[in-house]
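Please read the structure below before turning to the comments.
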2 protein chains.
Amino acid sequence: MIQDRLLETAVREFGQKGLEGASTRGIAAAAGTAMSSITYHYGGKEGLYLAAADYIVSQMDDIAPRALEGALPGTPDEARAAIHRTFAAFIDKISGPRSEAWALFIVREQMNPTGAFDRLWAGPMGRNLGILVTLVRTATGASDDAGARLAVVTLFGQVIVIRAARAMCARLLGRPLDDPDLIADFKARIAANTDAVLDRLISERTSERGQA
Amino acid sequence: MIQDRLLETAVREFGQKGLEGASTRGIAAAAGTAMSSITYHYGGKEGLYLAAADYIVSQMDDIAPRALEGALPGTPDEARAAIHRTFAAFIDKISGPRSEAWALFIVREQMNPTGAFDRLWAGPMGRNLGILVTLVRTATGASDDAGARLAVVTLFGQVIVIRAARAMCARLLGRPLDDPDLIADFKARIAANTDAVLDRLISERTSERGQA
DNA sequence: GTCTATACTACGATAGAC
DNA sequence: GTCTATCGTAGTATAGAC
């Protein structure tokens with residue numbers, strides 16, 4: 001399918017060079033077709049860009065939400081286990097070579113949000129983060145929604161740093177970031193940190209109650 | 001000074017649009033000068049880009065390392081306090097409006113490192129991260145250098161998420177990210193998380209020794 | 001639907017006036 | 001040093017053959 005090849009190439013090129021940096025000529029050539037087919041199928045460069053965002057969403061959708069195994073957990077321990085599964089799955093996804101193009105595209109959108117970010121957020125991204133907030137509240141017994149959201153943001157930051165600050169990680173760790181051993185260590189560190197933070201949230205809650 | 005105006009504008013434009021997206025015409029016009037002065041002073045677009053990176057480094061230099069107050073601490077508690085000061089100072093810096101252009105420029109370089117990243121890393125960025133590794137080792141009594149580096153990466157991720165995944169943070173938190181109250185909450189959350197992670201690192205170390 | 005042709009615009013670099 | 005003028009190139013978009 002020529003449209004799939006076009007979208008695949010578009011995600012890669014837009015991710016690497018950005019909306020303005022990538023050229024329709026280059027994308028079409030790399031996809032093995034004429035530039036005018038971009039106009040035909042997507043109306044132009046901007047249309048292709050939005051279609052690339054939708055393509056990422058469609059590819060994400062069938063992998064991400066599985067860590068939750070259907071229903072939301074009821075007990076704190078179940079919720080904590082689900083949080084760990086979610087982060088572990090996300091690290092696998094984000095650190096794999098296949099997600100490199102997606103990650104570049106998404107981080108770019110984070111900094112200069114266009115209409116494409118709305119589409120990304122409406123997909124698994126926003127959904128899973130919302131679920132994580134619920135899970136954190138269940139795991140810690142917190143009624144404080146804003147606090148749980150803040151915790152999710154910081155926990156999530158630990159994970160995305162490997163993409164968003166990739167060059168810095170490579171320098172500081174001194175190892176190639178696609179090394180499976182490093183990813184395993186990274187995963188273990190994040191799991192331990194997550195437990196530590198969740199415990200801390202629980203103790204914050206109980207000490208608050210103690211003061212009240 | 002026209003060169004300062006040119007560099008200031010270059011950091012902003014390159015940060016927003018990237019090396020290929022920004023135009024020398026646009027930068028020169030926004031700086032109130034002719035495009036050919038870029039050629040005259042910096043040899044061309046690429047020279048201006050590298051000069052913009054150096055400009056960022058020069059502006060960072062006089063603010064960042066102060067949290068360490070001169071010498072490296074000797075005791076774990078002193079080290080922990082220095083870690084907290086470093087992160088607090090960094091959050092102030094990274095969340096302020098003045099750093100917006102820098103952050104965009106730097107995150108772009110992280111994803112597509114060019115020669116400019118070498119210059120950034122050679123500045124306060126690499127230096128302070130190296131110091132943080134030492135501080136974490138002192139604070140936790142860890143001999144494991146690789147483990148400390150990994151911990152610094154994840155701790156650092158918590159902080160940079162507010163820039164690197166800014167759009168996501170805005171959606172998830174539902175508050176404007178330049179709200180001082182939010183920044184204060186963010187700082188408190190990160191301080192608490194950092195303590196939790198450092199405690200965890202200490203307990204990991206002692207349980208290892210217990211097993212040995 | 002996919003291609004080649006071409007029109008039009010904007011870019012970076014350079015030359016030369018002042 | 002800073003400006004204007006201009007050249008060659010590369011970009012998007014479009015028209016039209018097949």
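Going through the structure tokens in order, the chains are called A, B, and so on, while each chain numbers its residues from 1 and the ligands are numbered from 1 in the order shown.
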For stretch 6-15 of chain C: contacts at 12 Å, only C-alpha atoms (C1' of nucleotides), fewer than 6 positions along chain excluded, given as a PyMOL selection string: (chain B and resi 20-26+35-40+43-46) or (chain D and resi 4-16)
Distance query B:Phe87 at most 10 Å, only C-alpha atoms (C1' of nucleotides), self and fewer than 6 positions along chain excluded, as a VMD selection string: chain B and resid 67 93 132 155 to 156 159 187 190 to 191 194
Go ahead and dump the residues you just picked, C-alpha atoms, as a PDB file, in the first residue's frame.
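result.pdb, written as the output of this step:
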```pdb
ATOM      1  CA  ALA B  67      23.570  25.632  44.678  1.00  0.00           C
ATOM      2  CA  LYS B  93      15.391  28.156  36.117  1.00  0.00           C
ATOM      3  CA  LEU B 132      24.908  15.412  40.977  1.00  0.00           C
ATOM      4  CA  LEU B 155      15.515  12.145  39.076  1.00  0.00           C
ATOM      5  CA  PHE B 156      16.402  14.594  36.367  1.00  0.00           C
ATOM      6  CA  VAL B 159      12.284  17.925  36.429  1.00  0.00           C
ATOM      7  CA  LYS B 187       8.946  21.685  43.489  1.00  0.00           C
ATOM      8  CA  ILE B 190      10.006  16.604  43.371  1.00  0.00           C
ATOM      9  CA  ALA B 191      11.723  17.287  46.683  1.00  0.00           C
ATOM     10  CA  THR B 194      13.890  12.796  45.616  1.00  0.00           C
TER      11      THR B 194
END
```
Using only C-alpha atoms, which residues of chain B come within 6 Å of chain A, and what is the closest atom pair for each, with the distance in Å to one decimal? Give it as JSON lines, sorted by chain and residue number.
```
{"residue": "B:Glu20", "atom": "CA", "partner": "A:Gly21", "partner_atom": "CA", "distance": 4.9}
{"residue": "B:Gly21", "atom": "CA", "partner": "A:Glu20", "partner_atom": "CA", "distance": 4.9}
{"residue": "B:Gln110", "atom": "CA", "partner": "A:Ala167", "partner_atom": "CA", "distance": 4.8}
{"residue": "B:Thr154", "atom": "CA", "partner": "A:Gln158", "partner_atom": "CA", "distance": 4.5}
{"residue": "B:Gly157", "atom": "CA", "partner": "A:Gln158", "partner_atom": "CA", "distance": 4.5}
{"residue": "B:Gln158", "atom": "CA", "partner": "A:Gly157", "partner_atom": "CA", "distance": 4.5}
{"residue": "B:Val161", "atom": "CA", "partner": "A:Gly157", "partner_atom": "CA", "distance": 4.8}
{"residue": "B:Ala165", "atom": "CA", "partner": "A:Gln110", "partner_atom": "CA", "distance": 5.2}
{"residue": "B:Arg166", "atom": "CA", "partner": "A:Gln110", "partner_atom": "CA", "distance": 5.6}
{"residue": "B:Ala167", "atom": "CA", "partner": "A:Gln110", "partner_atom": "CA", "distance": 4.8}
{"residue": "B:Asn193", "atom": "CA", "partner": "A:Val197", "partner_atom": "CA", "distance": 5.5}
{"residue": "B:Ala196", "atom": "CA", "partner": "A:Ala196", "partner_atom": "CA", "distance": 5.4}
{"residue": "B:Val197", "atom": "CA", "partner": "A:Asn193", "partner_atom": "CA", "distance": 5.5}
```
Write a file of the just-selected residues containing C-alpha atoms, as a short mmCIF file (atom, residue, chain, number, x, y, z; two decimals), in the first residue's frame.
```cif
data_model
loop_
_atom_site.label_atom_id
_atom_site.label_comp_id
_atom_site.auth_asym_id
_atom_site.auth_seq_id
_atom_site.Cartn_x
_atom_site.Cartn_y
_atom_site.Cartn_z
CA GLU B 20 16.10 23.96 9.10
CA GLY B 21 12.78 25.53 9.97
CA GLN B 110 18.84 16.22 22.57
CA THR B 154 15.51 9.36 36.50
CA GLY B 157 13.60 13.28 34.19
CA GLN B 158 11.08 14.37 36.83
CA VAL B 161 9.20 16.71 32.00
CA ALA B 165 6.44 17.10 27.68
CA ARG B 166 4.97 20.52 28.30
CA ALA B 167 1.75 20.08 26.35
CA ASN B 193 10.17 12.16 45.51
CA ALA B 196 11.99 8.89 48.79
CA VAL B 197 14.30 7.70 46.01
#
```
Using only C-alpha atoms (C1' of nucleotides), find each residue of chain D with at least one atom at most 9 Å away from an atom of chain B; report its shortest atom-to-atom pair and that distance in Å (one decimal), sort the rows by chain and rising residue number, and return the result as JSON lines.
```
{"residue": "D:DG1", "atom": "C1'", "partner": "B:Ser37", "partner_atom": "CA", "distance": 8.2}
{"residue": "D:DT2", "atom": "C1'", "partner": "B:Ser37", "partner_atom": "CA", "distance": 7.0}
{"residue": "D:DC3", "atom": "C1'", "partner": "B:Ala34", "partner_atom": "CA", "distance": 6.9}
```
Could you fit chain A onto chain B by least squares over every C-alpha atom, paired in order, and give me the moved chain as a tab-separated table (two decimals) with C-alpha atoms, in the first residue's frame?
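out23.tsv, written as the output of this step:
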```tsv
chain	number	residue	atom	x	y	z
A	1	MET	CA	24.87	45.52	20.60
A	2	ILE	CA	23.62	44.08	17.36
A	3	GLN	CA	25.36	40.74	17.89
A	4	ASP	CA	23.58	40.18	21.20
A	5	ARG	CA	20.24	40.99	19.61
A	6	LEU	CA	21.06	38.59	16.80
A	7	LEU	CA	22.01	35.79	19.19
A	8	GLU	CA	19.00	36.35	21.43
A	9	THR	CA	16.72	36.19	18.41
A	10	ALA	CA	18.55	33.18	17.01
A	11	VAL	CA	18.08	31.16	20.20
A	12	ARG	CA	14.38	31.95	20.19
A	13	GLU	CA	13.80	31.24	16.51
A	14	PHE	CA	15.98	28.14	16.33
A	15	GLY	CA	14.34	26.89	19.52
A	16	GLN	CA	10.85	27.34	18.15
A	17	LYS	CA	11.40	26.20	14.59
A	18	GLY	CA	14.62	24.23	14.57
A	19	LEU	CA	17.72	24.67	12.47
A	20	GLU	CA	15.95	24.02	9.20
A	21	GLY	CA	12.65	25.61	10.11
A	22	ALA	CA	14.03	28.99	11.12
A	23	SER	CA	15.19	31.34	8.39
A	24	THR	CA	18.11	33.72	8.40
A	25	ARG	CA	15.84	36.30	6.82
A	26	GLY	CA	13.37	36.02	9.68
A	27	ILE	CA	16.05	36.09	12.36
A	28	ALA	CA	17.76	39.11	10.86
A	29	ALA	CA	14.47	40.95	10.43
A	30	ALA	CA	13.39	40.21	14.01
A	31	ALA	CA	16.77	41.39	15.25
A	32	GLY	CA	16.39	44.56	13.21
A	33	THR	CA	19.30	44.06	10.86
A	34	ALA	CA	20.10	42.78	7.39
A	35	MET	CA	20.49	39.11	6.68
A	36	SER	CA	23.98	39.58	5.35
A	37	SER	CA	25.24	40.58	8.79
A	38	ILE	CA	24.69	36.94	9.80
A	39	THR	CA	27.11	35.93	7.07
A	40	TYR	CA	29.51	38.65	8.13
A	41	HIS	CA	29.57	37.78	11.83
A	42	TYR	CA	29.00	34.04	11.85
A	43	GLY	CA	29.78	32.86	8.35
A	44	GLY	CA	26.24	31.64	7.70
A	45	LYS	CA	23.24	29.94	9.20
A	46	GLU	CA	25.12	27.03	10.72
A	47	GLY	CA	27.67	29.32	12.30
A	48	LEU	CA	24.89	31.34	13.86
A	49	TYR	CA	23.35	28.14	15.20
A	50	LEU	CA	26.57	27.12	16.94
A	51	ALA	CA	27.04	30.65	18.22
A	52	ALA	CA	23.52	30.49	19.65
A	53	ALA	CA	24.48	27.33	21.55
A	54	ASP	CA	27.57	29.06	22.93
A	55	TYR	CA	25.41	32.01	23.89
A	56	ILE	CA	23.10	29.75	25.91
A	57	VAL	CA	26.13	28.23	27.65
A	58	SER	CA	27.49	31.66	28.50
A	59	GLN	CA	24.16	32.74	29.95
A	60	MET	CA	23.74	29.54	31.96
A	61	ASP	CA	27.16	29.63	33.46
A	62	ASP	CA	26.73	32.36	36.02
A	63	ILE	CA	23.57	30.95	37.62
A	64	ALA	CA	23.61	27.17	37.77
A	65	PRO	CA	26.53	26.01	39.94
A	66	ARG	CA	25.70	28.25	42.90
A	67	ALA	CA	23.54	25.66	44.62
A	68	LEU	CA	26.71	23.80	45.48
A	69	GLU	CA	28.14	26.76	47.37
A	70	GLY	CA	31.72	26.09	46.42
A	71	ALA	CA	33.00	22.82	47.79
A	72	LEU	CA	31.52	19.35	47.54
A	73	PRO	CA	29.87	18.22	50.78
A	74	GLY	CA	31.43	15.48	52.85
A	75	THR	CA	28.52	14.03	54.82
A	76	PRO	CA	25.44	12.30	53.39
A	77	ASP	CA	23.13	14.92	54.89
A	78	GLU	CA	25.11	17.77	53.40
A	79	ALA	CA	25.07	16.02	50.04
A	80	ARG	CA	21.33	15.48	50.24
A	81	ALA	CA	20.78	19.13	51.06
A	82	ALA	CA	22.94	20.10	48.10
A	83	ILE	CA	20.93	17.80	45.83
A	84	HIS	CA	17.74	19.50	46.96
A	85	ARG	CA	19.21	22.95	46.40
A	86	THR	CA	20.41	21.95	42.96
A	87	PHE	CA	17.04	20.61	41.85
A	88	ALA	CA	15.17	23.55	43.37
A	89	ALA	CA	17.40	26.01	41.53
A	90	PHE	CA	17.04	24.04	38.34
A	91	ILE	CA	13.26	23.98	38.58
A	92	ASP	CA	13.22	27.73	39.09
A	93	LYS	CA	15.37	28.11	36.05
A	94	ILE	CA	13.62	25.65	33.80
A	95	SER	CA	10.12	26.83	34.66
A	96	GLY	CA	10.79	30.54	34.27
A	97	PRO	CA	9.71	32.29	31.10
A	98	ARG	CA	13.26	33.34	30.30
A	99	SER	CA	14.38	29.76	29.88
A	100	GLU	CA	11.64	28.84	27.45
A	101	ALA	CA	13.75	29.55	24.39
A	102	TRP	CA	16.76	27.75	25.88
A	103	ALA	CA	14.71	24.72	26.80
A	104	LEU	CA	13.29	24.40	23.31
A	105	PHE	CA	16.74	24.73	21.80
A	106	ILE	CA	18.26	22.17	24.15
A	107	VAL	CA	15.48	19.59	23.86
A	108	ARG	CA	15.73	19.84	20.09
A	109	GLU	CA	19.45	19.18	20.32
A	110	GLN	CA	18.83	16.19	22.57
A	111	MET	CA	16.76	14.54	19.87
A	112	ASN	CA	18.91	15.47	16.89
A	113	PRO	CA	22.35	16.10	18.37
A	114	THR	CA	24.60	18.22	16.21
A	115	GLY	CA	27.90	19.85	17.05
A	116	ALA	CA	25.92	22.27	19.20
A	117	PHE	CA	25.21	19.57	21.76
A	118	ASP	CA	28.92	19.06	22.36
A	119	ARG	CA	29.14	22.72	23.27
A	120	LEU	CA	26.14	22.55	25.57
A	121	TRP	CA	27.43	19.44	27.27
A	122	ALA	CA	30.88	20.91	27.74
A	123	GLY	CA	29.25	23.76	29.66
A	124	PRO	CA	27.38	23.77	32.97
A	125	MET	CA	25.05	21.02	31.80
A	126	GLY	CA	27.57	18.20	31.81
A	127	ARG	CA	29.42	19.64	34.77
A	128	ASN	CA	26.38	19.86	37.03
A	129	LEU	CA	25.12	16.43	36.13
A	130	GLY	CA	28.52	15.00	36.97
A	131	ILE	CA	28.39	16.78	40.31
A	132	LEU	CA	24.91	15.41	40.94
A	133	VAL	CA	26.21	11.89	40.44
A	134	THR	CA	28.90	12.53	43.05
A	135	LEU	CA	26.33	14.02	45.41
A	136	VAL	CA	24.03	11.03	45.05
A	137	ARG	CA	26.89	8.70	45.80
A	138	THR	CA	27.79	10.69	48.88
A	139	ALA	CA	24.18	10.99	50.02
A	140	THR	CA	23.54	7.27	49.72
A	141	GLY	CA	26.98	5.95	50.54
A	142	ALA	CA	26.92	4.06	47.25
A	143	SER	CA	30.07	2.77	45.68
A	144	ASP	CA	28.07	1.84	42.59
A	145	ASP	CA	28.76	4.59	40.08
A	146	ALA	CA	26.53	3.19	37.33
A	147	GLY	CA	23.64	2.94	39.76
A	148	ALA	CA	24.08	6.54	40.86
A	149	ARG	CA	24.15	7.71	37.26
A	150	LEU	CA	20.94	5.86	36.53
A	151	ALA	CA	19.33	7.41	39.59
A	152	VAL	CA	20.39	10.89	38.50
A	153	VAL	CA	18.90	10.30	35.06
A	154	THR	CA	15.52	9.33	36.48
A	155	LEU	CA	15.53	12.13	39.06
A	156	PHE	CA	16.41	14.57	36.34
A	157	GLY	CA	13.61	13.25	34.18
A	158	GLN	CA	11.08	14.33	36.80
A	159	VAL	CA	12.28	17.89	36.39
A	160	ILE	CA	12.58	18.21	32.64
A	161	VAL	CA	9.20	16.66	31.98
A	162	ILE	CA	7.66	20.08	32.49
A	163	ARG	CA	9.52	21.29	29.42
A	164	ALA	CA	10.04	18.19	27.34
A	165	ALA	CA	6.43	17.02	27.64
A	166	ARG	CA	4.94	20.45	28.25
A	167	ALA	CA	1.72	20.01	26.31
A	168	MET	CA	1.04	16.72	28.08
A	169	CYS	CA	1.63	18.30	31.49
A	170	ALA	CA	-0.72	21.15	30.65
A	171	ARG	CA	-3.48	18.75	29.65
A	172	LEU	CA	-3.03	16.36	32.55
A	173	LEU	CA	-2.66	19.03	35.23
A	174	GLY	CA	-5.35	21.25	33.75
A	175	ARG	CA	-3.56	24.36	34.97
A	176	PRO	CA	-1.37	26.90	33.16
A	177	LEU	CA	2.21	25.76	33.62
A	178	ASP	CA	3.50	29.23	34.39
A	179	ASP	CA	1.29	29.48	37.48
A	180	PRO	CA	3.67	30.09	40.45
A	181	ASP	CA	1.45	28.00	42.73
A	182	LEU	CA	1.76	25.06	40.39
A	183	ILE	CA	5.52	25.46	40.21
A	184	ALA	CA	5.65	25.50	44.01
A	185	ASP	CA	3.61	22.29	44.15
A	186	PHE	CA	5.80	20.76	41.47
A	187	LYS	CA	8.91	21.67	43.42
A	188	ALA	CA	7.53	20.19	46.63
A	189	ARG	CA	6.54	16.98	44.85
A	190	ILE	CA	9.99	16.59	43.34
A	191	ALA	CA	11.71	17.29	46.64
A	192	ALA	CA	9.60	14.63	48.34
A	193	ASN	CA	10.16	12.16	45.49
A	194	THR	CA	13.89	12.80	45.60
A	195	ASP	CA	13.99	12.07	49.31
A	196	ALA	CA	11.99	8.92	48.78
A	197	VAL	CA	14.30	7.72	46.02
A	198	LEU	CA	17.45	8.51	47.98
A	199	ASP	CA	16.09	6.63	50.99
A	200	ARG	CA	15.29	3.75	48.73
A	201	LEU	CA	18.83	3.75	47.35
A	202	ILE	CA	20.19	3.63	50.89
A	203	SER	CA	17.93	0.72	51.85
A	204	GLU	CA	18.90	-1.11	48.65
A	205	ARG	CA	22.53	-0.72	49.61
A	206	THR	CA	22.09	-1.94	53.17
A	207	SER	CA	19.95	-4.90	52.12
A	208	GLU	CA	22.63	-5.84	49.61
A	209	ARG	CA	25.21	-5.76	52.36
A	210	GLY	CA	22.88	-7.84	54.51
A	211	GLN	CA	22.74	-10.51	51.83
A	212	ALA	CA	26.52	-10.50	51.23
```
Proximal residues of chain C relative to chain A (only C-alpha atoms (C1' of nucleotides); 9 Å) as an NGL selection string: :C and (1-3)
If you run DSSP on this backbone, which residues of stretch 37-197 of chain A come out as alpha helix (DSSP H), and could you give them as an mmCIF file with C-alpha atoms, in the first residue's frame?
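The new file states_12.cif reads:
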```cif
data_model
loop_
_atom_site.group_PDB
_atom_site.id
_atom_site.type_symbol
_atom_site.label_atom_id
_atom_site.label_comp_id
_atom_site.auth_asym_id
_atom_site.auth_seq_id
_atom_site.Cartn_x
_atom_site.Cartn_y
_atom_site.Cartn_z
ATOM 1 C CA SER A 37 0.449 11.936 -4.619
ATOM 2 C CA ILE A 38 0.789 13.712 -1.257
ATOM 3 C CA THR A 39 -1.427 16.464 -2.606
ATOM 4 C CA TYR A 40 -3.815 13.907 -4.018
ATOM 5 C CA HIS A 41 -4.211 11.849 -0.852
ATOM 6 C CA TYR A 42 -3.761 14.411 1.901
ATOM 7 C CA LYS A 45 2.057 18.948 3.491
ATOM 8 C CA GLU A 46 -0.037 19.941 6.481
ATOM 9 C CA GLY A 47 -2.634 17.303 5.717
ATOM 10 C CA LEU A 48 0.075 14.679 5.560
ATOM 11 C CA TYR A 49 1.392 15.877 8.916
ATOM 12 C CA LEU A 50 -1.988 15.453 10.586
ATOM 13 C CA ALA A 51 -2.448 12.094 8.892
ATOM 14 C CA ALA A 52 0.937 11.047 10.277
ATOM 15 C CA ALA A 53 -0.277 11.908 13.788
ATOM 16 C CA ASP A 54 -3.411 9.828 13.243
ATOM 17 C CA TYR A 55 -1.244 7.013 11.950
ATOM 18 C CA ILE A 56 0.811 7.046 15.155
ATOM 19 C CA VAL A 57 -2.391 6.956 17.200
ATOM 20 C CA SER A 58 -3.714 4.014 15.216
ATOM 21 C CA GLN A 59 -0.479 2.098 15.704
ATOM 22 C CA MET A 60 -0.324 2.851 19.426
ATOM 23 C CA ASP A 61 -3.853 1.846 20.118
ATOM 24 C CA PRO A 76 -4.341 -0.558 46.475
ATOM 25 C CA ASP A 77 -2.083 -3.541 45.810
ATOM 26 C CA GLU A 78 -3.838 -4.372 42.566
ATOM 27 C CA ALA A 79 -3.578 -0.739 41.519
ATOM 28 C CA ARG A 80 0.110 -0.646 42.347
ATOM 29 C CA ALA A 81 0.714 -3.786 40.326
ATOM 30 C CA ALA A 82 -1.170 -2.249 37.412
ATOM 31 C CA ILE A 83 0.951 0.901 37.661
ATOM 32 C CA HIS A 84 4.086 -1.203 37.478
ATOM 33 C CA ARG A 85 2.786 -3.144 34.486
ATOM 34 C CA THR A 86 1.833 0.076 32.744
ATOM 35 C CA PHE A 87 5.241 1.674 33.209
ATOM 36 C CA ALA A 88 7.076 -1.521 32.294
ATOM 37 C CA ALA A 89 5.088 -1.823 29.075
ATOM 38 C CA PHE A 90 5.640 1.824 28.320
ATOM 39 C CA ILE A 91 9.384 1.561 28.835
ATOM 40 C CA ASP A 92 9.507 -1.410 26.493
ATOM 41 C CA LYS A 93 7.622 0.591 23.943
ATOM 42 C CA ILE A 94 9.475 3.850 24.307
ATOM 43 C CA SER A 95 12.932 2.288 24.326
ATOM 44 C CA GLU A 100 12.071 6.142 17.791
ATOM 45 C CA ALA A 101 10.245 7.927 15.002
ATOM 46 C CA TRP A 102 7.070 8.218 17.084
ATOM 47 C CA ALA A 103 8.936 9.575 20.064
ATOM 48 C CA LEU A 104 10.622 12.261 18.008
ATOM 49 C CA PHE A 105 7.328 13.245 16.447
ATOM 50 C CA ILE A 106 5.535 13.382 19.789
ATOM 51 C CA VAL A 107 8.240 15.280 21.674
ATOM 52 C CA ARG A 108 8.307 17.824 18.873
ATOM 53 C CA GLU A 109 4.567 18.258 19.211
ATOM 54 C CA GLN A 110 4.906 18.686 22.959
ATOM 55 C CA MET A 111 7.133 21.699 22.450
ATOM 56 C CA GLY A 115 -3.562 20.459 15.786
ATOM 57 C CA ALA A 116 -1.684 17.161 15.687
ATOM 58 C CA PHE A 117 -1.281 17.168 19.455
ATOM 59 C CA ASP A 118 -5.039 17.219 19.934
ATOM 60 C CA ARG A 119 -5.217 14.040 17.909
ATOM 61 C CA LEU A 120 -2.415 12.389 19.861
ATOM 62 C CA GLY A 126 -4.496 10.960 27.181
ATOM 63 C CA ARG A 127 -6.536 7.903 28.030
ATOM 64 C CA ASN A 128 -3.693 6.015 29.672
ATOM 65 C CA LEU A 129 -2.473 8.994 31.628
ATOM 66 C CA GLY A 130 -5.972 9.501 32.960
ATOM 67 C CA ILE A 131 -6.066 5.856 33.995
ATOM 68 C CA LEU A 132 -2.694 6.232 35.694
ATOM 69 C CA VAL A 133 -4.061 9.075 37.780
ATOM 70 C CA THR A 134 -6.934 6.857 38.898
ATOM 71 C CA LEU A 135 -4.523 4.029 39.662
ATOM 72 C CA VAL A 136 -2.298 6.272 41.746
ATOM 73 C CA ARG A 137 -5.278 7.451 43.715
ATOM 74 C CA THR A 138 -6.370 3.888 44.334
ATOM 75 C CA ALA A 139 -2.851 2.726 45.197
ATOM 76 C CA THR A 140 -2.310 5.502 47.721
ATOM 77 C CA ASP A 145 -6.806 14.486 42.583
ATOM 78 C CA ALA A 146 -4.406 17.356 41.868
ATOM 79 C CA GLY A 147 -1.731 15.673 43.960
ATOM 80 C CA ALA A 148 -2.150 12.405 42.093
ATOM 81 C CA ARG A 149 -1.886 14.181 38.763
ATOM 82 C CA LEU A 150 1.311 15.878 39.854
ATOM 83 C CA ALA A 151 2.720 12.538 40.971
ATOM 84 C CA VAL A 152 1.869 10.952 37.627
ATOM 85 C CA VAL A 153 3.611 13.776 35.805
ATOM 86 C CA THR A 154 6.830 13.305 37.757
ATOM 87 C CA LEU A 155 6.703 9.509 37.516
ATOM 88 C CA PHE A 156 6.126 9.806 33.810
ATOM 89 C CA GLY A 157 9.052 12.175 33.502
ATOM 90 C CA GLN A 158 11.385 9.447 34.726
ATOM 91 C CA VAL A 159 10.347 7.323 31.788
ATOM 92 C CA ILE A 160 10.360 9.808 28.952
ATOM 93 C CA VAL A 161 13.733 11.235 29.886
ATOM 94 C CA ILE A 162 15.335 8.443 27.897
ATOM 95 C CA ARG A 163 13.775 9.881 24.753
ATOM 96 C CA ALA A 164 13.330 13.545 25.517
ATOM 97 C CA ARG A 166 18.405 11.139 24.925
ATOM 98 C CA ALA A 167 21.757 12.720 24.165
ATOM 99 C CA MET A 168 22.189 13.699 27.805
ATOM 100 C CA CYS A 169 21.367 10.174 28.971
ATOM 101 C CA ALA A 170 23.873 8.707 26.531
ATOM 102 C CA ARG A 171 26.628 10.992 27.795
ATOM 103 C CA LEU A 172 25.855 10.577 31.475
ATOM 104 C CA LEU A 173 25.359 6.812 31.365
ATOM 105 C CA PRO A 180 18.987 -4.375 26.496
ATOM 106 C CA ASP A 181 20.941 -4.651 29.746
ATOM 107 C CA LEU A 182 20.727 -0.913 30.225
ATOM 108 C CA ILE A 183 17.009 -0.928 29.515
ATOM 109 C CA ALA A 184 16.573 -3.683 32.096
ATOM 110 C CA ASP A 185 18.487 -1.635 34.666
ATOM 111 C CA PHE A 186 16.472 1.432 33.746
ATOM 112 C CA LYS A 187 13.243 -0.487 34.184
ATOM 113 C CA ALA A 188 14.313 -1.826 37.570
ATOM 114 C CA ARG A 189 15.339 1.653 38.737
ATOM 115 C CA ILE A 190 12.009 3.130 37.697
ATOM 116 C CA ALA A 191 10.046 0.331 39.328
ATOM 117 C CA ALA A 192 11.927 0.881 42.586
ATOM 118 C CA ASN A 193 11.524 4.664 42.360
ATOM 119 C CA THR A 194 7.820 4.270 41.672
ATOM 120 C CA ASP A 195 7.384 2.113 44.746
ATOM 121 C CA ALA A 196 9.321 4.609 46.814
ATOM 122 C CA VAL A 197 7.207 7.509 45.587
#
```
